[in-house]
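Trainee: First the structure, then my questions, so here it is.
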Amino acid sequence: MKKQKQKKEENEKKEKKTVQGILLDLDSIQTQEEKSAIRIFLKTQKGIESLIEKKFRPYCYIIYSGDKEKLKKALLEREFGEHKAKIKEIKEVKKENEEKVLQLFFDSTRDLSTARNEIPTIEGVKEKREYDIIFTKRFLIDHNLEPLNGLEIEYAEEEGKKIIESLKKKEEESIELNSVTLDIETYSTTKFSSPKTDPVLIAALSTPHKTILISTRKELKKEGVEVTGTEKEMIEEIVKEIKEKNYDVLITYNGDSFDLPYLKERAKVLGTRFAIGTDGSEPLLRSHGQYHAAKTKGIQHLDAYQVIRTLVKFGIISLVKYDLESVIEALYGEPKGKLTAREIVEIWDSGKNLDKLAEYNKSDAVATQKIALQYLPLYIEISKLTKETLYEAGRISASGMVEDLLIDKSFRENKLIPNRPKEELTKKRAAQTFKGGYVKSPEPGLHENIVVLDFRSLHPSIMISHNVSPETLDCPCCYKSKKNLSPSGHYFCEKKKGFLPSVQEELLNKRIKIKEEMKKLSKKDSRYSTYYARQYALKILLNSFYGYLGYPRSRWYSFESAQSVTAWSRHYVREIGSKAEKEGFKILYMDTDSNFLIIPEEKTKEDIEKFVKKINSELPGVMEIEIDGFYKRGIFVTKKEGTAAAKKRYALIDYEGNLKIVGFEYVRRDWAPIAKNTQKRVIELVLKEGKPEKAIETVKEAIKQLKEGKTPKKDLVIYTQIKKSFPHYEAIGPHVAAAKKAVKKGKDIGIGSIIGFIVTKTGTSISDKAELEEFVKEGNYDADYYIEHQVIPAVIKIIQELGYSKEDLIHGGKQATLGTFN
DNA sequence: TAATTCGCTAGACCGA
DNA sequence: TCGGTCTAGCGAA
């Protein structure tokens with residue numbers, strides 16, 4: 001009887017429980033037996049819970065030749081590295097793309113990474129494979145789970161820990177994440193703050209509902225401000241605030257490089273810990289040269305600065321500068337005040353205007369939150385699609401995304417993943433280049449009644465329609481098949497669906513479906529923004545495949561495939577052009593995937609629509625052209641030198657009066673606003689009102705202002721990025737010269753910094769005269785430079801198209817001055 | 001940690 | 001001091 005009772009108690013102890021939630025984060029941990037296990041952070045109704053999965057083991061594959069049994073024995077007997085790592089089990093497996101494959105299991109990721117270096121040297125091992133797939137990623141792929149989706153877990157408690165028995169995905173259509181935004185202001189004894197010596201002055205923690213400020217200054221005490229006795233207590237208060245509310249996301253602006261490392265170090269100096277991780281850990285700082293990241297466990301750190309950089313890279317947004325003030329201004333048109341480091345120190349030391357500091361701190365946090373929350377839905381979708389945590393998704397590259405999809409798909413199709421190329425091979429690949437898209441020289445001058453047609457997702461649609469993939473390339477079964485024969489001379493299989501295009505097709509179909517769903521919803525529906533983000537994420541992914549094919553570090557690199565895609569693109573865009581000509585339209589310009597046509601008097605909008613319909617019925621597969629828009633007027637110009645027309649620079653105006661300026665100085669950050677804005681006005685006057693005289697006047701006015709020294713500083717700043725370290729520059733341009741001078745004055749400028757400079761009066765060469773904007777006094781500028789090198793070059797080519805010359809801009813002004821003398 | 005090619009322009013650099 | 005060449009950056013697609 002007694003024994004039975006005991007047994008019953010034991011069983012109760014091991015009683016299985018279930019928990020449901022959202023998979024927020026996961027990491028790999030070491031158990032007491034020195035085995036690797038997966039720890040899952042699950043967002044549940046009660047908060048974030050961590051659970052441990054012990055059954056999943058690290059593994060890699062080898063492809064072998066020769067005697068299998070002999071090899072297995074040798075492998076199992078072998079001890080690797082100093083700590084004598086062993087292969088624990090070997091499974092014989094068959095893959096779709098490889099016959100002789102062994103799967104090698106290890107106790108820990110450490111054992112695997114030790115063993116993988118020696119494994120290829122063992123006789124009979126032809127190749128190692130999938131040895132560098134991150135353990136947590138491997139877990140997600142093998143269990144077909146994705147972060148930020150629903151998960152149901154069955155577990156049992158063991159020594160206070162929740163050990164996972166089983167888990168399964170529970171689709172969650174859309175999720176709500178609770179976020180908090182953190183921003184700090186610091187003291188600085190020298191030009192920049194150092195956590196070793198300079199205290200944190202104030203911190204803002206913002207949620208969509210409210211903002212709280214934490215500081216040590218009693219003067220700040222009021223509603224919404226926590227005042228602590230010491231700085232140490234202040235940091236502890238920040239930690240408490242973040243931990244207490246169980247947030248899912250921590251938002252910062254440049255927290256990767258500043259706020260989080262600073263707080264971590266400062267906490268150490270003060271004898272406390274900045275333990276904001278869900279498991280009580282401090283942020284994990286990663287550093288690779290210029291790249292910094294601060295990872296927090298459980299709670300996902302989303303750095304809005306990284307988000308912005310990525311969005312610019314993907315061409316989703318265009319920005320001149322990446323500092324918070326400029327971004328807010330550019331995205332929302334809201335000017336945001338800025339306090340310099342010196343002003344902050346002044347406020348702190350004098351105790352005057354402390355409210356201003358508090359307000360500034362708060363506004364930074366609120367602005368950061370606004371940016372992050374706008375793009376959070378997009379990143380949630382990227383996270384789900386790529387099976388990366390939100391933290392990783394916020395820092396992912398285009399190649400990383402494509403690779404994630406292909407690796408996952410390989411597993412689903414039981415295929416072995418190709419290895420990453422070695423450095424040597426990468427270099428070899430980089431040395432060979434292939435031809436890109438076709439660009440036709442336009443007809444310079446003013447044109448009327450223009451229609452722009454373009455291919456919808458040209459590269460992806462070529463890949464899908466012609467089955468472009470490394471393994472379908474030049475297949476023996478369809479030698480020079482007509483359907484998939486590229487103008488490059490290479491051809492692609494007609495019988496077997498290619499690996500890459502099959503993934504692309506899935507993405508495309510998903511996107512089409514979502515777009516259909518969106519049509520049924522009102523824009524105010526909460527699902528609308530989720531769907532919008534989802535289709536956008538899919539679009540970004542789809543467009544990244546072609547680049548990945550030609551990317552030297554790609555696992556699925558295929559020079560011939562990339563070459564074939566562009567060969568087709570050139571073929572199709574020209575074909576549209578010649579067909580349009582046959583229909584009586586005139587080709588004005590072409591660039592890669594678009595055709596600019598002039599609609600003759602006798603033709604109508606309907607004729608264009610009919611033409612597009614006809615073309616689409618003739619295009620293969622999913623290829624399709626669409627009407628980008630009808631334009632009332634457009635201007636194309638000649639190049640700076642010679643009489644040839646300039647490509648990639650034009651301006652259009654539609655029938656509603658909307659201006660589209662492409663390629664001109666106006667859209668470039670490395671031109672002064674005075675030149676950009678003057679150019680825009682000229683284009684506007686010419687296209688909108690057809691008034692060249694007024695345009696001339698505008699230019700004259702700008703020149704006059706410059707000459708008189710009246711042009712404000714902000715209209716003179718030229719922005720340029722420092723793209724390499726100073727010693728690596730062979731030619732020292734104005735921006736590098738200005739940056740170097742600023743560094744001497746104590747400014748912190750590194751690779752990736754965008755510097756704003758002004759060409760001043762003092763110096764000989766332009767570089768000599770260039771100074772960082774902040775060191776230049778109002779009125780100190782080289783008027784001649786801004787007239788001759790900025791304003792005139794920006795407008796001269798446009799004005800010349802209208803029959804005017806440089807003399808009309810300059811001498812016109814002089815005549816007026818003479819006139820006043822008479 | 002890094003998607004591609006095409007194209008324009010500025011300004012330093014260098015040798016005559 | 002001039003003109004050609006090369007480096008550098010940014011944008012279009």
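Identifiers in the structure tokens: chain A, B, ... in order shown; residue index from 1 per chain; ligand index from 1 in order shown.
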Based on DSSP run over this structure's backbone, return all residues of stretch 184-383 of chain A in strand (DSSP E), as an NGL selection string.
Mentor: :A and (184-186 or 200-206 or 211-215 or 225-227 or 249-252 or 284-288 or 291-295 or 300-303)
Trainee: Apply DSSP to the backbone of this structure and, from stretch 523-556 of chain A, keep only the residues in helix (DSSP H, G or I); write these as a list in words.
Mentor: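 These are the residues in question: Ser526, Arg527, Tyr528, Ser529, Thr530, Tyr531, Tyr532, Ala533, Arg534, Gln535, Tyr536, Ala537, Leu538, Lys539, Ile540, Leu541, Leu542, Asn543, Ser544, Phe545, Tyr546, Gly547, Tyr548 and Leu549 of chain A.
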Trainee: The selected residues should be written to file as a CSV table (one decimal), in the first residue's frame (atoms: C-alpha atoms).
Mentor:
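And here is the file that came out, result17.csv:
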```
chain,number,residue,atom,x,y,z
A,526,SER,CA,-7.0,46.1,-38.1
A,527,ARG,CA,-6.1,43.2,-40.4
A,528,TYR,CA,-5.4,45.5,-43.2
A,529,SER,CA,-2.1,46.8,-41.9
A,530,THR,CA,-1.0,43.2,-41.0
A,531,TYR,CA,-1.8,42.1,-44.6
A,532,TYR,CA,-0.1,45.1,-46.0
A,533,ALA,CA,3.0,44.4,-44.0
A,534,ARG,CA,2.8,40.7,-45.1
A,535,GLN,CA,2.6,41.4,-48.8
A,536,TYR,CA,5.3,44.0,-48.5
A,537,ALA,CA,7.6,41.5,-46.8
A,538,LEU,CA,6.9,39.0,-49.5
A,539,LYS,CA,7.7,41.6,-52.2
A,540,ILE,CA,11.1,42.4,-50.5
A,541,LEU,CA,11.9,38.7,-50.4
A,542,LEU,CA,10.8,38.0,-54.0
A,543,ASN,CA,13.0,40.8,-55.3
A,544,SER,CA,16.1,39.6,-53.4
A,545,PHE,CA,16.4,36.2,-55.2
A,546,TYR,CA,18.0,37.5,-58.4
A,547,GLY,CA,20.7,39.4,-56.5
A,548,TYR,CA,21.3,36.4,-54.4
A,549,LEU,CA,22.0,34.3,-57.6
```
Trainee: Counting only C-alpha atoms (C1' of nucleotides), which residues in chain A sit no more than 9 Å from chain C? For each one, give the nearest pair of atoms and the distance in Å, sorted by chain then residue number, as JSON lines.
Mentor:
```
{"residue": "A:Gly437", "atom": "CA", "partner": "C:DA13", "partner_atom": "C1'", "distance": 8.1}
{"residue": "A:Asp591", "atom": "CA", "partner": "C:DA13", "partner_atom": "C1'", "distance": 6.9}
{"residue": "A:Thr592", "atom": "CA", "partner": "C:DA13", "partner_atom": "C1'", "distance": 6.0}
{"residue": "A:Asp593", "atom": "CA", "partner": "C:DA13", "partner_atom": "C1'", "distance": 7.2}
{"residue": "A:Ser594", "atom": "CA", "partner": "C:DA13", "partner_atom": "C1'", "distance": 8.7}
{"residue": "A:Lys648", "atom": "CA", "partner": "C:DA12", "partner_atom": "C1'", "distance": 6.0}
{"residue": "A:Arg649", "atom": "CA", "partner": "C:DA12", "partner_atom": "C1'", "distance": 8.7}
{"residue": "A:Val662", "atom": "CA", "partner": "C:DA12", "partner_atom": "C1'", "distance": 7.9}
{"residue": "A:Gly663", "atom": "CA", "partner": "C:DG11", "partner_atom": "C1'", "distance": 5.9}
{"residue": "A:Phe664", "atom": "CA", "partner": "C:DG11", "partner_atom": "C1'", "distance": 8.7}
{"residue": "A:Val667", "atom": "CA", "partner": "C:DG11", "partner_atom": "C1'", "distance": 8.1}
{"residue": "A:Arg668", "atom": "CA", "partner": "C:DC10", "partner_atom": "C1'", "distance": 6.8}
{"residue": "A:Arg669", "atom": "CA", "partner": "C:DC10", "partner_atom": "C1'", "distance": 7.9}
{"residue": "A:Asp670", "atom": "CA", "partner": "C:DC10", "partner_atom": "C1'", "distance": 7.7}
{"residue": "A:Thr720", "atom": "CA", "partner": "C:DG9", "partner_atom": "C1'", "distance": 7.5}
{"residue": "A:Gln721", "atom": "CA", "partner": "C:DG9", "partner_atom": "C1'", "distance": 7.8}
{"residue": "A:Lys723", "atom": "CA", "partner": "C:DG9", "partner_atom": "C1'", "distance": 8.8}
{"residue": "A:Tyr729", "atom": "CA", "partner": "C:DT7", "partner_atom": "C1'", "distance": 8.6}
{"residue": "A:Glu730", "atom": "CA", "partner": "C:DT7", "partner_atom": "C1'", "distance": 7.0}
{"residue": "A:Ala731", "atom": "CA", "partner": "C:DT7", "partner_atom": "C1'", "distance": 6.1}
{"residue": "A:Gly733", "atom": "CA", "partner": "C:DA8", "partner_atom": "C1'", "distance": 8.0}
```
Trainee: Go ahead and write the residues just picked, N, CA, C and O atoms, as a CSV table (one decimal), in the first residue's frame.
Mentor:
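Everything below was put into again.csv:
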```csv
chain,number,residue,atom,x,y,z
A,437,GLY,N,20.9,45.1,-66.9
A,437,GLY,CA,19.7,45.5,-67.7
A,437,GLY,C,20.0,46.4,-68.8
A,437,GLY,O,21.1,46.9,-68.9
A,591,ASP,N,14.5,51.7,-69.4
A,591,ASP,CA,15.5,51.4,-68.4
A,591,ASP,C,15.1,50.1,-67.6
A,591,ASP,O,14.2,50.1,-66.8
A,592,THR,N,15.8,49.1,-68.0
A,592,THR,CA,15.7,47.7,-67.3
A,592,THR,C,14.3,47.1,-67.4
A,592,THR,O,14.2,46.1,-68.1
A,593,ASP,N,13.3,47.7,-66.8
A,593,ASP,CA,12.0,47.0,-66.8
A,593,ASP,C,10.9,48.0,-67.3
A,593,ASP,O,9.7,47.7,-67.2
A,594,SER,N,11.3,49.2,-67.7
A,594,SER,CA,10.2,50.1,-68.1
A,594,SER,C,10.4,50.7,-69.5
A,594,SER,O,11.5,50.9,-70.0
A,648,LYS,N,18.9,57.9,-66.9
A,648,LYS,CA,18.6,57.9,-65.5
A,648,LYS,C,18.4,59.2,-64.8
A,648,LYS,O,18.7,59.4,-63.7
A,649,ARG,N,18.1,60.2,-65.6
A,649,ARG,CA,17.8,61.6,-65.1
A,649,ARG,C,16.6,62.1,-65.9
A,649,ARG,O,16.8,62.4,-67.1
A,662,VAL,N,13.5,62.3,-61.1
A,662,VAL,CA,14.3,61.1,-61.0
A,662,VAL,C,15.8,61.3,-61.4
A,662,VAL,O,16.1,61.9,-62.5
A,663,GLY,N,16.7,60.9,-60.5
A,663,GLY,CA,18.1,61.0,-60.8
A,663,GLY,C,18.8,62.3,-60.7
A,663,GLY,O,20.0,62.4,-60.6
A,664,PHE,N,18.0,63.4,-60.8
A,664,PHE,CA,18.6,64.7,-60.8
A,664,PHE,C,19.2,65.0,-59.4
A,664,PHE,O,18.9,64.4,-58.4
A,667,VAL,N,17.3,64.9,-56.0
A,667,VAL,CA,17.1,63.7,-55.2
A,667,VAL,C,18.3,63.2,-54.5
A,667,VAL,O,18.3,62.1,-53.9
A,668,ARG,N,19.4,63.9,-54.7
A,668,ARG,CA,20.7,63.4,-54.2
A,668,ARG,C,21.1,64.1,-52.9
A,668,ARG,O,20.9,65.3,-52.8
A,669,ARG,N,21.6,63.4,-51.9
A,669,ARG,CA,21.9,64.0,-50.7
A,669,ARG,C,23.3,64.8,-50.8
A,669,ARG,O,23.5,65.7,-49.9
A,670,ASP,N,24.1,64.5,-51.8
A,670,ASP,CA,25.4,65.1,-51.8
A,670,ASP,C,25.4,66.4,-52.6
A,670,ASP,O,26.4,66.8,-53.3
A,720,THR,N,27.5,63.7,-47.2
A,720,THR,CA,28.2,62.6,-47.8
A,720,THR,C,28.6,61.6,-46.8
A,720,THR,O,28.9,62.0,-45.6
A,721,GLN,N,28.6,60.4,-47.2
A,721,GLN,CA,29.0,59.3,-46.2
A,721,GLN,C,30.5,59.0,-46.2
A,721,GLN,O,31.1,59.0,-47.3
A,723,LYS,N,32.8,56.2,-46.2
A,723,LYS,CA,32.6,54.8,-46.5
A,723,LYS,C,33.8,53.9,-46.1
A,723,LYS,O,33.6,52.7,-46.2
A,729,TYR,N,41.7,55.9,-47.9
A,729,TYR,CA,41.3,56.8,-49.0
A,729,TYR,C,42.5,57.2,-49.9
A,729,TYR,O,43.6,57.6,-49.3
A,730,GLU,N,42.4,57.0,-51.2
A,730,GLU,CA,43.5,57.4,-52.1
A,730,GLU,C,43.3,58.8,-52.5
A,730,GLU,O,44.3,59.5,-52.7
A,731,ALA,N,42.1,59.2,-52.7
A,731,ALA,CA,41.8,60.6,-53.0
A,731,ALA,C,41.1,61.3,-51.9
A,731,ALA,O,40.0,60.8,-51.5
A,733,GLY,N,38.7,63.7,-50.8
A,733,GLY,CA,37.7,64.6,-51.3
A,733,GLY,C,37.3,65.6,-50.2
A,733,GLY,O,37.7,65.4,-49.1
```
Trainee: Taking only C-alpha atoms (C1' of nucleotides) into account and nothing else, which residues of chain B lie no more than 8 Å away from chain A? Please answer as an NGL selection string.
Mentor: :B and (1 or 3-8 or 11-13)
Trainee: Quick one: distance from atom CA of A:Ile450 to atom CA of A:Lys632 in Å, one decimal?
Mentor: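 Between atom CA of A:Ile450 and atom CA of A:Lys632 the gap works out to 6.4 Å.
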Trainee: I'd like the interatomic distance between atom CA of A:Glu231 and atom CA of A:Lys264, to a tenth of an Å.
Mentor: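 Between atom CA of A:Glu231 and atom CA of A:Lys264 the gap works out to 13.1 Å.
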Trainee: Between A:Ile328, A:Val180, A:Leu220, A:Ile464, which has the minimum distance to A:Asn509 (counting only C-alpha atoms)?
Mentor: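 Once distances to A:Asn509 are computed over only C-alpha atoms, the minimum belongs to A:Ile464.
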Trainee: Quote the spacing between atom CA of A:Val686 and atom CA of A:Gly709 in Å to one decimal place.
Mentor: 27.8 Å
Trainee: Got a sec: who's within 10 Å of A:Arg138, counting only C-alpha atoms (C1' of nucleotides), leaving out chain neighbours fewer than 5 positions off, as number ranges by chain?
Mentor: A: 56-59, 130, 132-133, 143-144, 407-408, 411
